[in-house]
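What follows is structure_7.cif (mmCIF, C-alpha atoms and all ligand atoms).
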data_final
loop_
_atom_site.label_atom_id
_atom_site.label_comp_id
_atom_site.auth_asym_id
_atom_site.auth_seq_id
_atom_site.Cartn_x
_atom_site.Cartn_y
_atom_site.Cartn_z
CA MET H 38 -7.45 -15.43 -16.49
CA ASN H 39 -4.18 -16.15 -14.65
CA VAL H 40 -3.21 -13.77 -11.88
CA GLY H 41 -0.08 -13.77 -9.79
CA ILE H 42 -0.14 -12.41 -6.25
CA PHE H 43 3.17 -11.50 -4.69
CA ASP H 44 4.14 -10.53 -1.16
CA SER H 45 7.25 -10.86 0.97
CA GLY H 46 5.36 -13.43 3.08
CA VAL H 47 1.87 -14.21 4.33
CA GLY H 48 0.59 -10.61 4.22
CA GLY H 49 -0.68 -10.93 0.66
CA LEU H 50 -3.16 -13.50 1.93
CA SER H 51 -5.23 -10.56 3.16
CA VAL H 52 -5.45 -9.37 -0.45
CA LEU H 53 -6.02 -12.91 -1.73
CA LYS H 54 -8.95 -13.29 0.67
CA SER H 55 -10.75 -10.25 -0.74
CA ILE H 56 -10.07 -11.40 -4.31
CA LEU H 57 -11.31 -14.95 -3.66
CA LYS H 58 -14.55 -13.66 -2.18
CA GLU H 59 -15.34 -11.85 -5.43
CA GLN H 60 -14.46 -14.83 -7.70
CA LEU H 61 -12.71 -12.65 -10.26
CA PHE H 62 -10.04 -15.08 -11.56
CA GLU H 63 -9.86 -18.69 -12.78
CA ASN H 64 -6.30 -19.32 -11.76
CA ILE H 65 -4.42 -17.68 -8.88
CA ILE H 66 -0.73 -18.22 -8.21
CA TYR H 67 0.44 -16.90 -4.83
CA TYR H 68 4.13 -16.43 -4.17
CA GLY H 69 5.57 -15.38 -0.81
CA ASP H 70 9.26 -14.67 -0.45
CA THR H 71 9.20 -16.20 3.03
CA ALA H 72 12.94 -16.88 3.01
CA ARG H 73 13.62 -13.15 3.00
CA VAL H 74 10.69 -11.54 4.81
CA PRO H 75 10.60 -8.81 6.14
CA TYR H 76 11.19 -6.46 3.22
CA GLY H 77 10.15 -3.42 5.23
CA VAL H 78 13.54 -3.04 6.92
CA LYS H 79 15.53 -3.33 3.67
CA ASP H 80 16.84 -0.61 1.40
CA LYS H 81 15.42 0.44 -1.95
CA ASP H 82 17.95 -1.41 -4.13
CA THR H 83 17.44 -4.66 -2.24
CA ILE H 84 13.66 -4.37 -2.44
CA ILE H 85 13.88 -3.77 -6.20
CA LYS H 86 16.32 -6.68 -6.67
CA PHE H 87 14.10 -9.13 -4.72
CA SER H 88 11.02 -7.91 -6.59
CA ILE H 89 12.62 -8.55 -9.99
CA GLN H 90 13.54 -12.05 -8.82
CA ALA H 91 9.93 -12.61 -7.79
CA LEU H 92 8.76 -11.41 -11.19
CA ASN H 93 11.10 -13.95 -12.79
CA PHE H 94 9.61 -16.65 -10.57
CA PHE H 95 6.25 -16.04 -12.23
CA SER H 96 7.50 -16.24 -15.84
CA PRO H 97 6.55 -19.93 -16.47
CA PHE H 98 2.94 -19.23 -15.42
CA LYS H 99 1.96 -17.02 -18.38
CA LEU H 100 0.31 -14.39 -16.22
CA ASP H 101 -2.39 -12.03 -17.48
CA MET H 102 -1.94 -9.78 -14.46
CA LEU H 103 0.29 -9.43 -11.43
CA ILE H 104 -0.94 -7.99 -8.15
CA ILE H 105 1.80 -6.71 -5.89
CA ALA H 106 0.11 -7.47 -2.59
CA CYS H 107 2.88 -5.72 -0.69
CA ASN H 108 3.01 -2.01 0.07
CA THR H 109 6.77 -2.01 0.49
CA VAL H 110 7.31 -3.42 -3.00
CA SER H 111 4.57 -1.16 -4.37
CA ALA H 112 6.38 1.85 -2.88
CA TYR H 113 9.75 1.12 -4.48
CA ALA H 114 9.61 -1.40 -7.31
CA LEU H 115 6.35 -0.96 -9.18
CA ASP H 116 7.71 1.25 -11.97
CA GLU H 117 10.67 -1.06 -12.53
CA LEU H 118 8.46 -4.17 -12.67
CA ARG H 119 6.06 -2.51 -15.09
CA THR H 120 8.87 -1.88 -17.59
CA ARG H 121 9.67 -5.61 -17.68
CA VAL H 122 6.31 -7.17 -18.63
CA ASP H 123 3.49 -6.43 -21.00
CA PHE H 124 0.62 -7.34 -18.65
CA PRO H 125 -0.79 -5.03 -15.94
CA VAL H 126 1.08 -4.89 -12.65
CA LEU H 127 -1.12 -3.48 -9.87
CA GLY H 128 0.16 -2.06 -6.62
CA VAL H 129 -1.66 -1.68 -3.34
CA ILE H 130 -0.74 1.95 -2.63
CA ASP H 131 -2.72 3.36 -5.57
CA ALA H 132 -5.64 1.19 -4.50
CA GLY H 133 -5.30 2.22 -0.83
CA VAL H 134 -5.28 5.92 -1.67
CA SER H 135 -8.34 5.67 -3.87
CA ALA H 136 -10.15 3.57 -1.23
CA THR H 137 -9.40 6.33 1.31
CA LYS H 138 -10.95 8.88 -1.05
CA TYR H 139 -14.13 6.81 -1.18
CA ALA H 140 -14.20 6.20 2.56
CA LEU H 141 -13.76 9.81 3.72
CA ASP H 142 -15.88 12.75 2.55
CA ASN H 143 -14.08 15.28 4.68
CA LYS H 144 -10.56 16.28 3.61
CA ASP H 145 -9.91 17.44 7.19
CA SER H 146 -10.39 13.90 8.52
CA GLU H 147 -7.55 12.63 10.64
CA ILE H 148 -5.79 9.79 8.89
CA LEU H 149 -3.20 7.50 10.42
CA VAL H 150 -1.02 5.50 8.02
CA LEU H 151 0.47 2.34 9.52
CA ALA H 152 3.14 0.66 7.42
CA THR H 153 6.66 -0.73 7.39
CA LYS H 154 9.62 1.58 7.89
CA ALA H 155 10.47 1.40 4.17
CA THR H 156 6.93 2.32 3.10
CA ILE H 157 6.72 5.21 5.57
CA ASN H 158 10.15 6.49 4.51
CA SER H 159 9.12 6.39 0.84
CA LYS H 160 6.39 8.96 1.75
CA GLN H 161 4.22 7.50 -1.01
CA TYR H 162 1.01 7.45 1.03
CA GLN H 163 1.66 10.84 2.59
CA LYS H 164 2.36 12.51 -0.79
CA ARG H 165 -0.52 10.92 -2.63
CA LEU H 166 -3.02 11.63 0.13
CA GLN H 167 -1.88 15.25 0.18
CA ASP H 168 -2.32 15.38 -3.61
CA GLU H 169 -5.90 14.24 -3.01
CA GLY H 170 -6.38 17.19 -0.66
CA PHE H 171 -6.15 15.43 2.71
CA LYS H 172 -4.60 17.69 5.31
CA ASN H 173 -4.31 15.74 8.54
CA ILE H 174 -2.06 12.80 7.86
CA ASN H 175 -0.03 11.12 10.55
CA SER H 176 2.16 8.11 9.86
CA LEU H 177 3.78 5.46 11.99
CA ALA H 178 6.20 2.67 11.12
CA THR H 179 4.92 -0.38 12.99
CA GLY H 180 7.23 -3.01 11.54
CA LEU H 181 7.02 -5.38 14.50
CA PHE H 182 3.49 -6.25 13.42
CA VAL H 183 5.03 -8.14 10.49
CA PRO H 184 6.90 -10.88 12.40
CA ILE H 185 4.03 -11.48 14.81
CA VAL H 186 1.65 -11.97 11.90
CA GLU H 187 4.19 -14.27 10.19
CA GLU H 188 4.21 -16.14 13.51
CA GLY H 189 0.42 -16.51 13.40
CA ILE H 190 -0.24 -14.21 16.37
CA PHE H 191 -3.27 -11.99 15.71
CA GLU H 192 -4.45 -11.10 19.23
CA GLY H 193 -3.54 -11.31 22.90
CA ARG H 194 -0.82 -9.96 25.15
CA ILE H 195 1.93 -9.50 22.57
CA VAL H 196 -0.41 -7.60 20.25
CA ASP H 197 -1.68 -5.46 23.15
CA SER H 198 1.82 -4.52 24.25
CA LEU H 199 2.85 -3.61 20.70
CA PHE H 200 -0.22 -1.37 20.44
CA GLU H 201 0.77 0.27 23.72
CA TYR H 202 4.36 0.68 22.47
CA TYR H 203 3.48 2.18 19.09
CA PHE H 204 0.33 4.13 19.88
CA LYS H 205 1.08 5.61 23.31
CA GLU H 206 1.75 9.08 21.88
CA LEU H 207 -1.55 9.24 19.99
CA LYS H 208 -3.89 11.66 21.72
CA LYS H 209 -7.11 10.30 20.19
CA SER H 210 -8.37 7.82 17.64
CA PRO H 211 -8.12 8.99 14.04
CA GLN H 212 -11.13 8.87 11.71
CA ALA H 213 -9.33 6.39 9.48
CA VAL H 214 -6.38 4.06 9.77
CA ILE H 215 -4.76 2.98 6.52
CA LEU H 216 -3.45 -0.56 6.89
CA GLY H 217 -0.48 0.29 4.70
CA CYS H 218 1.10 -3.14 4.98
CA THR H 219 -0.77 -6.19 3.78
CA HIS H 220 0.20 -8.08 6.92
CA PHE H 221 -1.81 -5.66 9.05
CA PRO H 222 -5.38 -6.66 8.04
CA LEU H 223 -4.67 -9.90 9.87
CA LEU H 224 -4.69 -7.71 13.00
CA SER H 225 -7.90 -5.91 11.94
CA ASP H 226 -10.06 -7.21 14.78
CA ALA H 227 -7.56 -6.12 17.41
CA LEU H 228 -6.95 -2.76 15.68
CA GLN H 229 -10.67 -2.07 15.33
CA GLU H 230 -11.17 -2.79 19.00
CA TYR H 231 -8.25 -0.53 19.93
CA PHE H 232 -9.29 2.45 17.77
CA GLY H 233 -13.03 2.00 18.26
CA LYS H 234 -15.85 1.14 15.89
CA ASP H 235 -16.10 4.66 14.42
CA CYS H 236 -12.58 4.46 13.02
CA LYS H 237 -12.49 3.28 9.40
CA LEU H 238 -9.83 0.71 8.63
CA ILE H 239 -8.67 0.96 5.01
CA HIS H 240 -7.76 -2.49 3.75
CA SER H 241 -5.58 -3.06 0.67
CA GLY H 242 -7.52 -6.18 -0.35
CA ASN H 243 -10.88 -4.46 -0.55
CA ALA H 244 -9.17 -1.53 -2.26
CA ILE H 245 -7.67 -3.77 -4.96
CA VAL H 246 -11.03 -5.43 -5.60
CA ARG H 247 -12.59 -2.01 -6.12
CA GLN H 248 -9.83 -1.14 -8.58
CA LEU H 249 -10.22 -4.41 -10.50
CA LYS H 250 -13.94 -3.84 -10.88
CA GLU H 251 -13.74 -0.16 -11.73
CA ASN H 252 -10.56 0.16 -13.79
CA PHE H 253 -10.46 -3.30 -15.36
CA ASP H 254 -14.20 -3.86 -15.58
CA MET H 255 -13.85 -7.25 -13.91
CA LYS H 256 -16.90 -9.16 -12.75
CA SER H 257 -17.50 -12.36 -10.83
CA ILE H 258 -17.03 -15.51 -12.94
CA ASN H 259 -19.18 -17.40 -10.41
CA LYS H 260 -16.60 -20.11 -10.07
CA GLU H 261 -14.00 -20.90 -7.44
CA ALA H 262 -10.44 -20.17 -8.51
CA LYS H 263 -7.75 -22.80 -8.83
CA LEU H 264 -5.28 -21.73 -6.17
CA SER H 265 -1.57 -22.59 -6.03
CA PHE H 266 0.81 -21.55 -3.27
CA TYR H 267 4.56 -21.11 -3.64
CA ALA H 268 7.13 -19.79 -1.20
CA SER H 269 10.90 -19.35 -1.20
CA SER H 270 11.00 -21.20 2.14
CA ASP H 271 8.62 -23.50 4.05
CA VAL H 272 5.62 -23.43 1.75
CA GLN H 273 3.77 -25.65 4.24
CA SER H 274 3.82 -22.93 6.86
CA LEU H 275 2.39 -20.46 4.30
CA LYS H 276 -0.33 -23.00 3.45
CA ASN H 277 -1.12 -23.46 7.14
CA THR H 278 -1.60 -19.71 7.62
CA ALA H 279 -3.66 -19.62 4.43
CA LYS H 280 -5.91 -22.38 5.79
CA ILE H 281 -6.60 -20.38 8.96
CA TRP H 282 -6.86 -17.00 7.30
CA LEU H 283 -8.91 -17.95 4.25
CA SER H 284 -11.45 -20.19 6.00
N1 LIG C 1 3.35 -7.12 3.54
C1 LIG C 1 4.32 -6.18 3.20
C2 LIG C 1 3.78 -4.80 2.97
O1 LIG C 1 2.64 -4.68 2.60
C3 LIG C 1 5.69 -6.15 3.76
C4 LIG C 1 6.03 -6.69 5.08
C5 LIG C 1 7.52 -6.86 5.15
O2 LIG C 1 8.02 -7.74 4.44
O3 LIG C 1 8.16 -6.09 5.87
O4 LIG C 1 4.47 -3.83 3.13
#
Would you mind writing the file out in structure tokens?
Ligand code: DGL
Amino acid sequence: MNVGIFDSGVGGLSVLKSILKEQLFENIIYYGDTARVPYGVKDKDTIIKFSIQALNFFSPFKLDMLIIACNTVSAYALDELRTRVDFPVLGVIDAGVSATKYALDNKDSEILVLATKATINSKQYQKRLQDEGFKNINSLATGLFVPIVEEGIFEGRIVDSLFEYYFKELKKSPQAVILGCTHFPLLSDALQEYFGKDCKLIHSGNAIVRQLKENFDMKSINKEAKLSFYASSDVQSLKNTAKIWLS
């Protein structure tokens, strides 16, 4: 089975990592629009336009499935992309919401959604979590996490000062933090340390794997996938991050 994985940049590698671990696909084509990252500060029409262009990039590969490993694209362009192809197009927001349902028994749990400005403004997580009955949802746009992750910085002083900058108003640690941008799992270790070990981090990659197994009945093929990387700029830099992140 051929699957395409699309993100604005390196963030989708966090989803790729979870998928590789489960050995669900024979052939994986990863495309990062690194020439135009970040998407999270762009408007809806631009995000949709770039997403359609990415979909066109995949056309020679005869995909059986496309995974939108980007919350920002999932928030704005999923419906449009689905009308253009006859294979399944999966988004990470659906998966993230259902993973939250599994992770939290108590609908009063305090949930913090971290995502790009565009994803937060779309209110997709907030609305869907409310539809699932969750009552205590806080959300924060933490877009500066994206460039530091693109830069390969996952810990240290810059990360600590961004945490201080974004989280200073939070009175206490929430029960769960939704990593509502696929770049953010690359900061998981630092985030887990900051929020404490009792805080559940909801990760889009693990959420997508759950969805593939449950909704598409996918099982391990017990074989390593053939992996190809493409980027709209500097594919070598994407491959370098992949080498660090996937090892
Ligand atoms: N990784 C992306 C997401 O999940 C977007 C980051 C960006 O391009 O701003 O939202």
_I need the residue nearest ligand LIG 1 (chain C) from this list: H:Phe98, H:Phe182, H:Trp282, H:Tyr162. Use all atoms listed in the file for the distance._
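That would be H:Phe182, the residue with the smallest distance to ligand LIG 1 (chain C).
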*Which residues come within 12 Å of H:Ala114, counting all atoms listed in the file, excluding same-chain residues fewer than 6 positions away, as a VMD selection string?*
chain H and resid 76 80 to 92 105 107 to 108 120 to 121 126 to 130 155 to 156 159
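The neighbours of H:Leu53 here are the residues that come within 10 Å of it, using all atoms listed in the file and leaving out any residue fewer than 5 positions away in the same chain; they are Ile42, Phe43, Gly48, Lys58, Ile65, Ile66, Tyr67, Ile104, Ala106, Gly242, Asn243, Ile245, Val246, Leu264, Ala279, Trp282 and Leu283 of chain H.
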Store the residues picked out above in a file with C-alpha atoms, as a short mmCIF file (atom, residue, chain, number, x, y, z; two decimals), keeping the file's coordinate frame.
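Final output, saved to selection25.cif:
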data_model
loop_
_atom_site.label_atom_id
_atom_site.label_comp_id
_atom_site.auth_asym_id
_atom_site.auth_seq_id
_atom_site.Cartn_x
_atom_site.Cartn_y
_atom_site.Cartn_z
CA ILE H 42 -0.14 -12.41 -6.25
CA PHE H 43 3.17 -11.50 -4.69
CA GLY H 48 0.59 -10.61 4.22
CA LYS H 58 -14.55 -13.66 -2.18
CA ILE H 65 -4.42 -17.68 -8.88
CA ILE H 66 -0.73 -18.22 -8.21
CA TYR H 67 0.44 -16.90 -4.83
CA ILE H 104 -0.94 -7.99 -8.15
CA ALA H 106 0.11 -7.47 -2.59
CA GLY H 242 -7.52 -6.18 -0.35
CA ASN H 243 -10.88 -4.46 -0.55
CA ILE H 245 -7.67 -3.77 -4.96
CA VAL H 246 -11.03 -5.43 -5.60
CA LEU H 264 -5.28 -21.73 -6.17
CA ALA H 279 -3.66 -19.62 4.43
CA TRP H 282 -6.86 -17.00 7.30
CA LEU H 283 -8.91 -17.95 4.25
#
Exercise: H:Leu207 partners within 12 Å, only C-alpha atoms, chain neighbours under 5 positions left out, as a short mmCIF file (atom, residue, chain, number, x, y, z; two decimals) with C-alpha atoms, in the coordinates of the input:
data_model
loop_
_atom_site.label_atom_id
_atom_site.label_comp_id
_atom_site.auth_asym_id
_atom_site.auth_seq_id
_atom_site.Cartn_x
_atom_site.Cartn_y
_atom_site.Cartn_z
CA GLU H 147 -7.55 12.63 10.64
CA ILE H 148 -5.79 9.79 8.89
CA LEU H 149 -3.20 7.50 10.42
CA ASN H 175 -0.03 11.12 10.55
CA SER H 176 2.16 8.11 9.86
CA LEU H 177 3.78 5.46 11.99
CA PHE H 200 -0.22 -1.37 20.44
CA GLU H 201 0.77 0.27 23.72
CA TYR H 202 4.36 0.68 22.47
CA TYR H 231 -8.25 -0.53 19.93
CA PHE H 232 -9.29 2.45 17.77
#
*Within 12 Å of H:Glu230, counting only C-alpha atoms, which residues show up once you throw out same-chain ones fewer than 6 positions away? Write them as a VMD selection string, please.*
chain H and resid 192 196 to 197 200 210 224 236 to 238
Please put the answer as JSON: centre and edge lengths, in Å with one decimal, of a box along x, y and z that encloses all listed atoms of ligand LIG 1 (chain C) plus 6 Å on each side.
{"center_x": 5.4, "center_y": -5.8, "center_z": 4.2, "size_x": 17.5, "size_y": 15.9, "size_z": 15.3}
_Distance filter 10 Å around ligand LIG 1 (chain C), atoms: only C-alpha atoms and all ligand atoms, out as a ChimeraX atom specification_ = /H:43-52,69-71,73-79,84,105-112,128-130,151-157,179-184,186-187,216-222,241
*Go through H:Asn39, H:Thr137, H:Ser55, H:Gln60 one by one, measure the shortest atom-to-atom distance of each to H:Lys260 using only C-alpha atoms, and give the residue with the smallest value.*
H:Gln60
*Enter the distance from atom CA of H:Phe266 to atom CA of H:Gly189, in Å, rounded to one decimal.*
17.4 Å
*Would you work out the distance separating atom CA of H:Glu59 from atom CA of H:Leu275, expressed in Å to one decimal?*
22.0 Å
*asked:* What's the separation between atom CA of H:Asp116 and atom CA of H:Asp131, in Å to one decimal place?
replied: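 Atom-to-atom, atom CA of H:Asp116 and atom CA of H:Asp131 are spaced 12.4 Å apart.
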*Between H:Thr278, H:Asn93, H:Gln212, H:Ser257, which has the minimum distance to H:Glu188 (counting only C-alpha atoms)?*
H:Thr278
*Nearest to H:Ile56 among H:Leu100, H:Ile239, H:Phe191, H:Val40, with distances taken over all atoms listed in the file: which residue is it?*
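Of H:Leu100, H:Ile239, H:Phe191, H:Val40, the one nearest H:Ile56, counting all atoms listed in the file, is H:Val40.
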*Have a look at H:Asn277, H:Ser270, H:Asn252, H:Ser265 and name the one nearest to H:Phe95; count only C-alpha atoms.*
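Comparing H:Asn277, H:Ser270, H:Asn252, H:Ser265 against H:Phe95, the winner is H:Ser265.
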